[in-house]
Amino acid sequence: QKEVEQNSGPLSVPEGAIASLNCTYSDRVSQSFFWYRQYSGKSPELIMSIYSNGDKEDGRFTAQLNKASQYVSLLIRDSQPSDSATYLCARRGWRSQGNLIFGKGTKLSVKP
Amino acid sequence: GAGVSQSPSNKVTEKGKDVELRCDPISGHTALYWYRQRLGQGLEFLIYFQGNSAPDKSGLPSDRFSAERTGESVSTLTIQRTQQEDSAVYLCASSPGLAGGTITDTQYFGPGTRLTVL
């Protein structure tokens, strides 16, 4: 199965800034994309899901999907120290339409 | 229950021993997934259940790994003759299922079982 690529970081931004997390994938069949946040020692929790080209906003989070260019991004506005975590990008696998294929994650650090 | 639960939360075992990891999905969720996360790495898919059947076992790394699910609820992941490279956090996730072929199915993760093989 095709991989999901993410910059491992760490990405460091000052408090209040916009954090931009990017993810590329190589399988044109994928239709479903997900961003999970994982705090150190904890399990992943869903932040956003996106299925259509364009932007999807939820509070301080905006997911952007461009299927033609095969990338998906996550913007975090007004970043807070509590946003410091690893952000995992995932796409649904093509084989079973069941499992998710994850990138290795980008570690975000928001400095007060 | 309120969320996915897993037990034990931590397991330390000696090389060569067998271990069983348990997952209790969210009530009513027909789909269940097992993933493995090695230290500092992303999540690696192991196996997927839809109901009691496993349409995708492609991620199981060797025949020492097996999983079953009974009654469309609890699942057990068994690792036989554990090796040091099996040390990882084993995560279980569940989702409502793919009835109607929806692509919007969201997976919810349990807290994981941290397995350490000495």
# chains A, B, ... in the order shown; residues from 1 in each chain; ligands from 1
$ interface_residues --of "chain B" --to "chain A" --cutoff "12 Å" --atoms "only C-alpha atoms" --output "mmCIF file with C-alpha atoms, in the first residue's frame"
data_model
loop_
_atom_site.group_PDB
_atom_site.id
_atom_site.type_symbol
_atom_site.label_atom_id
_atom_site.label_comp_id
_atom_site.auth_asym_id
_atom_site.auth_seq_id
_atom_site.Cartn_x
_atom_site.Cartn_y
_atom_site.Cartn_z
ATOM 1 C CA GLY B 3 -15.078 4.517 24.582
ATOM 2 C CA VAL B 4 -12.737 1.804 23.396
ATOM 3 C CA SER B 5 -11.066 0.016 26.269
ATOM 4 C CA GLN B 6 -7.980 -2.169 26.220
ATOM 5 C CA SER B 9 -2.518 -1.225 29.937
ATOM 6 C CA THR B 30 -19.128 -3.393 13.923
ATOM 7 C CA ALA B 31 -15.640 -2.582 12.645
ATOM 8 C CA LEU B 32 -12.546 -3.164 14.768
ATOM 9 C CA TYR B 33 -8.899 -2.548 13.966
ATOM 10 C CA TRP B 34 -5.559 -3.407 15.517
ATOM 11 C CA TYR B 35 -2.511 -1.221 14.989
ATOM 12 C CA ARG B 36 1.016 -1.292 16.359
ATOM 13 C CA GLN B 37 3.133 1.754 17.184
ATOM 14 C CA ARG B 38 6.820 1.327 17.822
ATOM 15 C CA LEU B 39 8.642 4.010 19.773
ATOM 16 C CA GLY B 40 8.862 7.215 17.770
ATOM 17 C CA GLN B 41 7.104 5.716 14.785
ATOM 18 C CA GLY B 42 3.716 6.052 13.127
ATOM 19 C CA LEU B 43 0.894 3.548 13.425
ATOM 20 C CA GLU B 44 1.262 0.265 11.567
ATOM 21 C CA PHE B 45 -1.939 -1.557 10.568
ATOM 22 C CA LEU B 46 -2.218 -5.173 11.692
ATOM 23 C CA ILE B 47 -5.735 -6.540 11.119
ATOM 24 C CA TYR B 48 -9.291 -5.383 10.487
ATOM 25 C CA PHE B 49 -12.548 -7.050 11.560
ATOM 26 C CA GLN B 50 -15.964 -6.358 10.109
ATOM 27 C CA ALA B 54 -11.397 -10.484 9.200
ATOM 28 C CA PRO B 55 -11.403 -9.337 5.555
ATOM 29 C CA ASP B 56 -7.901 -7.913 5.867
ATOM 30 C CA LYS B 57 -5.093 -9.591 7.790
ATOM 31 C CA SER B 58 -2.394 -8.205 5.559
ATOM 32 C CA GLY B 59 -0.642 -6.284 8.315
ATOM 33 C CA ALA B 88 5.482 -1.629 21.021
ATOM 34 C CA VAL B 89 2.187 -0.041 21.941
ATOM 35 C CA TYR B 90 -0.686 -2.050 20.512
ATOM 36 C CA LEU B 91 -3.663 0.133 19.712
ATOM 37 C CA CYS B 92 -7.195 -0.946 19.024
ATOM 38 C CA ALA B 93 -9.758 1.210 17.239
ATOM 39 C CA SER B 94 -13.412 0.769 16.411
ATOM 40 C CA SER B 95 -15.833 2.429 14.027
ATOM 41 C CA PRO B 96 -19.543 2.143 13.301
ATOM 42 C CA GLY B 97 -18.799 0.089 10.204
ATOM 43 C CA LEU B 98 -19.081 0.400 6.476
ATOM 44 C CA ALA B 99 -22.806 -0.215 6.052
ATOM 45 C CA GLY B 101 -20.240 1.792 1.735
ATOM 46 C CA THR B 102 -19.844 5.136 3.394
ATOM 47 C CA ILE B 103 -16.389 6.657 3.295
ATOM 48 C CA THR B 104 -17.050 8.820 6.308
ATOM 49 C CA ASP B 105 -16.467 6.050 8.835
ATOM 50 C CA THR B 106 -14.378 7.431 11.690
ATOM 51 C CA GLN B 107 -12.094 5.311 13.840
ATOM 52 C CA TYR B 108 -11.864 5.872 17.589
ATOM 53 C CA PHE B 109 -8.808 4.630 19.424
ATOM 54 C CA GLY B 110 -8.404 2.943 22.763
ATOM 55 C CA PRO B 111 -5.636 3.834 25.231
ATOM 56 C CA GLY B 112 -3.364 1.049 24.000
ATOM 57 C CA THR B 113 -1.402 -1.765 25.600
ATOM 58 C CA ARG B 114 2.301 -1.121 26.059
#
$ select_by_dssp --residues "chain B" --states "strand (DSSP E)" --output "VMD selection string"
chain B and resid 5 to 7 10 to 13 19 to 24 31 to 37 43 to 50 53 to 56 65 to 69 75 to 79 88 to 95 108 to 109 113 to 117
$ atom_distance --atom1 "atom CA of Leu77 of chain B" --atom2 "atom CA of Glu20 of chain B"
5.7 Å
$ atom_distance --atom1 "atom CA of His29 of chain B" --atom2 "atom CA of Gln38 of chain A"
22.4 Å
$ residues_around --residues "Arg64 of chain B" --least-positions-apart "4" --cutoff "7 Å" --atoms "only C-alpha atoms" --output "list of chain:residue names"
B:Ile79, B:Gln80, B:Arg81
$ write_last_selection --atoms "N, CA, C and O atoms" --output "short mmCIF file (atom, residue, chain, number, x, y, z; two decimals), in the first residue's frame"
data_model
loop_
_atom_site.label_atom_id
_atom_site.label_comp_id
_atom_site.auth_asym_id
_atom_site.auth_seq_id
_atom_site.Cartn_x
_atom_site.Cartn_y
_atom_site.Cartn_z
N ILE B 79 0.02 -12.94 20.57
CA ILE B 79 1.38 -13.01 20.02
C ILE B 79 2.06 -14.20 20.67
O ILE B 79 2.21 -14.25 21.90
N GLN B 80 2.44 -15.15 19.86
CA GLN B 80 3.10 -16.35 20.37
C GLN B 80 4.62 -16.18 20.29
O GLN B 80 5.14 -15.49 19.40
N ARG B 81 5.29 -16.81 21.21
CA ARG B 81 6.77 -16.83 21.21
C ARG B 81 7.32 -15.41 20.98
O ARG B 81 8.05 -15.15 20.02
#
$ select_by_dssp --residues "chain B" --states "helix (DSSP H, G or I)" --output "ChimeraX atom specification"
/B:84-86,99-101
$ closest_residue --among "A:Ala17, A:Val4, A:Ala68, A:Leu74" --to "Tyr36 of chain A" --atoms "only C-alpha atoms"
A:Leu74
$ closest_residue --among "A:Lys56, A:Ser26, A:Ser84, A:Arg91" --to "Ser69 of chain A" --atoms "only C-alpha atoms"
A:Ser26
$ residues_around --residues "segment 59-63 of chain A" --least-positions-apart "6" --cutoff "10 Å" --atoms "only C-alpha atoms" --output "list in words"
Ile18, Ala19, Ser20, Leu21, Asn22, Phe33, Phe34, Trp35, Ile47, Met48, Ser49, Ile50, Asn53, Val72, Ser73, Leu74, Leu75, Ile76, Arg77, Asp78 and Ser79 of chain A
$ write_last_selection --atoms "C-alpha atoms" --output "CSV table (one decimal), in the first residue's frame"
chain,number,residue,atom,x,y,z
A,18,ILE,CA,-0.6,29.8,12.7
A,19,ALA,CA,0.9,26.3,12.5
A,20,SER,CA,0.8,24.7,9.1
A,21,LEU,CA,1.2,20.9,8.9
A,22,ASN,CA,1.5,19.2,5.5
A,33,PHE,CA,-8.3,11.7,4.9
A,34,PHE,CA,-7.9,12.3,8.6
A,35,TRP,CA,-5.8,14.3,11.0
A,47,ILE,CA,-9.1,16.3,15.0
A,48,MET,CA,-10.5,16.6,11.5
A,49,SER,CA,-11.7,14.4,8.6
A,50,ILE,CA,-12.0,15.6,5.0
A,53,ASN,CA,-11.4,19.1,-2.4
A,72,VAL,CA,-3.7,17.4,2.6
A,73,SER,CA,-2.8,20.0,5.2
A,74,LEU,CA,-3.9,21.2,8.6
A,75,LEU,CA,-3.8,24.8,9.7
A,76,ILE,CA,-4.0,25.6,13.4
A,77,ARG,CA,-4.8,29.3,14.1
A,78,ASP,CA,-4.0,31.1,17.3
A,79,SER,CA,-1.7,28.2,18.3
$ residues_around --residues "Ser7 of chain B" --least-positions-apart "5" --cutoff "7 Å" --atoms "only C-alpha atoms" --output "list of chain:residue names"
B:Leu21, B:Arg22, B:Cys23, B:Thr113
$ residues_around --residues "Gln80 of chain A" --least-positions-apart "3" --cutoff "7 Å" --atoms "only C-alpha atoms" --output "list in words"
Glu15, Gly16, Asp83 and Val110 of chain A
